[in-house]
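Report on the following structure.
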Amino acid sequence: MEEGQIGWDWFALQLSDGREVMLYQIRLENGKPDSTSKGVFVDQNGITTPLNWTDLKLEVLGNWTSPETGVQYPSGWKLSIPSEKLNFQINPLIENQELRTSVNYWEGAVEVVNLLDQRKKAGRGYVELTGYRSEN
């Protein structure tokens with residue numbers, strides 16, 4: 001991490017229709033995304049489109065606090081990529097997917113739900129959250 005950067009949120013999503021999205025958000029001490037935060041969209045034919053952070057909107061919907069470490073992590077997100085007409089909710093399959101090592105972090109499986117038709121599962125994925133600390 002560079003000076004002023006405190007952690008990252010990384011998303012790897014496989015959509016049911018064969019498309020994929022990978023995003024990483026480097027977080028700054030002030031809570032905002034670093035300008036180096038980026039992503040990539042992959043269509044069904046494997047054609048990639050780079051994404052700048054200004055090309056998408058990622059909104060945290062809730063939080064989960066670890067009963068073991070007291071660290072509060074984001075839990076649930078709304079992701080919008082207008083250029084690709086994507087509008088999803090990303091939900092952890094299990095809230096407690098914290099890994100406790102010399103560095104505590106949250107890493108786990110998520111489901112992707114289509115916000116236009118919530119009955120349809122839009123995909124699955126994996127999220128990694130680092131640099132979150134206990135408020136205690």
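Each chain of the structure tokens is named A, B, ... in the order shown, its residues numbered from 1; ligands are numbered from 1 in display order.
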
Query - Distance query segment 77-90 of chain A at most 10 Å, only C-alpha atoms, self and fewer than 4 positions along chain excluded, as a ChimeraX atom specification - result: /A:11,13,21,41,43,49,51,53-63,110-118,121-127

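Excluding Glu20 of chain A and any residue on its chain fewer than 5 positions from it, the residues at most 9 Å away by only C-alpha atoms are Ala12, Leu13, Gln14, Leu15, Val40, Phe41, Val42, Asp43, Gln44 and Gly46 of chain A.
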
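Shortest separation to Gly131 of chain A among A:Ala109, A:Leu93, A:Ile6, A:Met1 occurs at residue A:Ile6, atoms counted being only C-alpha atoms.
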
Requested in this report: Would you kindly return, as a PyMOL selection string, each protein, DNA or RNA residue with an atom no farther than 9 Å from any atom of Thr65 of chain A, considering only C-alpha atoms and excluding same-chain residues fewer than 3 positions away?
Outcome: chain A and resi 68-74+96+134

Requested in this report: Just the residues within 9 Å of Asn104 of chain A, please, counting only C-alpha atoms, with nothing from its chain fewer than 3 positions along; format it as a PyMOL selection string.
Outcome: chain A and resi 69+71+98-101+130-133

Report task. Assign secondary structure with DSSP using the backbone only, and return the residues of chain A in strand (DSSP E or B) as an MDAnalysis selection string. Result -> chainID A and resid 5:15 20:28 33 38:42 48:52 57:60 63:65 71:74 77:81 86:92 98:99 105:114 121:129 134

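In this comparison, which uses only C-alpha atoms, the residue of A:Gly4, A:Tyr105, A:Met22, A:Lys32 approaching Pro50 of chain A most closely is A:Met22.
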
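When only C-alpha atoms are used to measure the gap to Asn45 of chain A, the shortest distance among A:Glu29, A:Glu2, A:Asp17, A:Glu95 belongs to A:Asp17.
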
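The two atoms in question, atom CA of Gly39 of chain A and atom CA of Arg19 of chain A, are spaced 13.6 Å apart.
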
Report task. Would you kindly return, as a PyMOL selection string, each protein, DNA or RNA residue with an atom no farther than 10 Å from any atom of Pro33 of chain A, considering only C-alpha atoms and excluding same-chain residues fewer than 6 positions away? Result -> chain A and resi 5+7-9+24-27+53

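Note that the spacing between atom CA of Glu3 of chain A and atom CA of Gly108 of chain A amounts to 27.2 Å.
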